Amino acid sequence: MQNDRFAFDIAETVLQLDQVQLDKTALRKARQLAETCRQRLRTPQSGNQEGLKLTAREMEIAKLAANRESNKGIAAKLHVSVRTVEGHLYQIFGKLKIVERSELSFALGNVEGGAK
């Protein structure tokens with residue numbers, strides 16, 4: 001798992017380089033490596049699927065965040081602190097195996113069986 005994360009970080013770094021310096025083959029390989037690692041990082045490593053379910057509160061916060069609501073806005077709507085929202089998002093990202101807020105919509109679609 002740590003090796004996948006390391007390889008993913010390297011591939012992402014290569015993709016952020018000035019693309020003029022890279023040939024098309026190297027660029028294609030970096031993209032493939034990044035996508036392969038992204039998929040492997042999202043795949044649960046153990047058979048315990050039960051621990052990966054989002055709580056009702058996590059689902060509520062995830063949906064608001066996926067709809068581009070800010071942490072401050074989510075906190076105001078739910079009457080909690082911004083730090084509480086950040087903590088929930090940290091747990092959500094770990095359970096869904098995502099690293100960016102922009103991936104929430106896609107990940108939630110998978111959790112809810114494609115229904116939004």
# chains A, B, ... in the order shown; residues from 1 in each chain; ligands from 1
>>> residues_around(residues="region 53-70 of chain A", least_positions_apart="6", cutoff="7 Å", atoms="only C-alpha atoms", output="JSON list (two decimals) with N, CA and C atoms, in the first residue's frame")
[["chain", "number", "residue", "atom", "x", "y", "z"],
["A", 88, "HIS", "N", -14.41, 14.92, 9.98],
["A", 88, "HIS", "CA", -15.28, 14.01, 9.24],
["A", 88, "HIS", "C", -14.77, 13.80, 7.82],
["A", 92, "ILE", "N", -13.84, 10.39, 5.90],
["A", 92, "ILE", "CA", -14.53, 10.08, 4.64],
["A", 92, "ILE", "C", -13.52, 9.77, 3.55],
["A", 104, "LEU", "N", -15.12, 13.30, -4.70],
["A", 104, "LEU", "CA", -16.23, 12.91, -3.84],
["A", 104, "LEU", "C", -17.48, 12.49, -4.61],
["A", 105, "SER", "N", -17.85, 13.23, -5.62],
["A", 105, "SER", "CA", -19.07, 12.91, -6.38],
["A", 105, "SER", "C", -19.00, 11.51, -6.96]]
>>> residues_around(residues="region 82-86 of chain A", least_positions_apart="5", cutoff="6 Å", atoms="only C-alpha atoms", output="list in words")
Asn71, Lys72 and Ala75 of chain A
>>> write_last_selection(atoms="C-alpha atoms", output="short mmCIF file (atom, residue, chain, number, x, y, z; two decimals), in the first residue's frame")
data_model
loop_
_atom_site.label_atom_id
_atom_site.label_comp_id
_atom_site.auth_asym_id
_atom_site.auth_seq_id
_atom_site.Cartn_x
_atom_site.Cartn_y
_atom_site.Cartn_z
CA ASN A 71 -16.10 23.59 5.19
CA LYS A 72 -17.27 26.80 6.84
CA ALA A 75 -20.25 23.79 9.64
#
>>> residues_around(residues="Ile98 (chain A)", least_positions_apart="3", cutoff="10 Å", atoms="only C-alpha atoms", output="list in words")
Arg38, Gln39, Leu41, Arg42, Tyr90, Ile92, Phe93, Gly94, Lys95, Arg101, Ser102, Glu103, Leu104, Phe106 and Ala107 of chain A
>>> decode(residues="region 52-87 of chain A", atoms="N, CA and C atoms", output="compact mmCIF listing (two decimals), in the first residue's frame")
# COMPACT_ATOMS: atom_id res chain seq x y z
N LEU A 52 -15.78 0.08 6.16
CA LEU A 52 -15.64 1.12 5.15
C LEU A 52 -16.93 1.89 4.92
N LYS A 53 -18.00 1.53 5.60
CA LYS A 53 -19.27 2.22 5.41
C LYS A 53 -19.23 3.60 6.06
N LEU A 54 -19.83 4.56 5.37
CA LEU A 54 -19.93 5.90 5.95
C LEU A 54 -21.10 5.96 6.92
N THR A 55 -20.90 6.71 8.00
CA THR A 55 -22.01 6.93 8.92
C THR A 55 -22.98 7.91 8.27
N ALA A 56 -24.15 8.06 8.86
CA ALA A 56 -25.15 8.98 8.32
C ALA A 56 -24.61 10.41 8.31
N ARG A 57 -23.89 10.79 9.35
CA ARG A 57 -23.33 12.15 9.44
C ARG A 57 -22.24 12.33 8.39
N GLU A 58 -21.38 11.32 8.22
CA GLU A 58 -20.34 11.39 7.20
C GLU A 58 -20.96 11.50 5.80
N MET A 59 -22.02 10.76 5.56
CA MET A 59 -22.68 10.82 4.26
C MET A 59 -23.26 12.22 4.02
N GLU A 60 -23.85 12.80 5.06
CA GLU A 60 -24.42 14.14 4.97
C GLU A 60 -23.33 15.17 4.62
N ILE A 61 -22.22 15.08 5.32
CA ILE A 61 -21.11 16.01 5.07
C ILE A 61 -20.49 15.76 3.70
N ALA A 62 -20.34 14.51 3.32
CA ALA A 62 -19.77 14.18 2.02
C ALA A 62 -20.62 14.73 0.88
N LYS A 63 -21.93 14.61 1.01
CA LYS A 63 -22.82 15.13 -0.04
C LYS A 63 -22.72 16.65 -0.15
N LEU A 64 -22.66 17.33 0.99
CA LEU A 64 -22.52 18.79 0.97
C LEU A 64 -21.18 19.19 0.35
N ALA A 65 -20.12 18.49 0.73
CA ALA A 65 -18.80 18.80 0.19
C ALA A 65 -18.75 18.50 -1.31
N ALA A 66 -19.39 17.44 -1.73
CA ALA A 66 -19.43 17.09 -3.16
C ALA A 66 -20.18 18.15 -3.96
N ASN A 67 -21.11 18.82 -3.32
CA ASN A 67 -21.86 19.90 -3.97
C ASN A 67 -21.14 21.25 -3.84
N ARG A 68 -19.85 21.19 -3.58
CA ARG A 68 -18.97 22.37 -3.53
C ARG A 68 -19.27 23.33 -2.39
N GLU A 69 -19.84 22.82 -1.33
CA GLU A 69 -20.06 23.64 -0.14
C GLU A 69 -18.72 23.73 0.60
N SER A 70 -18.37 24.90 1.10
CA SER A 70 -17.12 25.06 1.84
C SER A 70 -17.24 24.41 3.22
N ASN A 71 -16.09 24.15 3.84
CA ASN A 71 -16.10 23.59 5.19
C ASN A 71 -16.83 24.53 6.15
N LYS A 72 -16.61 25.82 5.99
CA LYS A 72 -17.27 26.80 6.84
C LYS A 72 -18.78 26.78 6.61
N GLY A 73 -19.20 26.66 5.36
CA GLY A 73 -20.62 26.60 5.04
C GLY A 73 -21.27 25.33 5.59
N ILE A 74 -20.57 24.21 5.48
CA ILE A 74 -21.08 22.94 6.03
C ILE A 74 -21.24 23.06 7.54
N ALA A 75 -20.21 23.63 8.19
CA ALA A 75 -20.25 23.79 9.64
C ALA A 75 -21.44 24.64 10.07
N ALA A 76 -21.70 25.71 9.35
CA ALA A 76 -22.83 26.59 9.69
C ALA A 76 -24.16 25.86 9.51
N LYS A 77 -24.30 25.13 8.41
CA LYS A 77 -25.56 24.41 8.17
C LYS A 77 -25.84 23.34 9.20
N LEU A 78 -24.78 22.66 9.65
CA LEU A 78 -24.96 21.53 10.57
C LEU A 78 -24.74 21.92 12.03
N HIS A 79 -24.44 23.19 12.28
CA HIS A 79 -24.24 23.69 13.65
C HIS A 79 -23.13 22.94 14.38
N VAL A 80 -21.99 22.78 13.68
CA VAL A 80 -20.80 22.18 14.27
C VAL A 80 -19.62 23.08 13.94
N SER A 81 -18.46 22.77 14.51
CA SER A 81 -17.28 23.58 14.22
C SER A 81 -16.66 23.17 12.88
N VAL A 82 -15.88 24.08 12.32
CA VAL A 82 -15.17 23.79 11.08
C VAL A 82 -14.22 22.62 11.31
N ARG A 83 -13.61 22.56 12.48
CA ARG A 83 -12.68 21.47 12.82
C ARG A 83 -13.42 20.12 12.81
N THR A 84 -14.65 20.09 13.25
CA THR A 84 -15.44 18.85 13.22
C THR A 84 -15.68 18.42 11.78
N VAL A 85 -15.99 19.36 10.92
CA VAL A 85 -16.19 19.05 9.50
C VAL A 85 -14.90 18.50 8.91
N GLU A 86 -13.78 19.14 9.22
CA GLU A 86 -12.48 18.67 8.72
C GLU A 86 -12.20 17.25 9.18
N GLY A 87 -12.50 16.95 10.43
CA GLY A 87 -12.30 15.60 10.95
C GLY A 87 -13.16 14.58 10.23
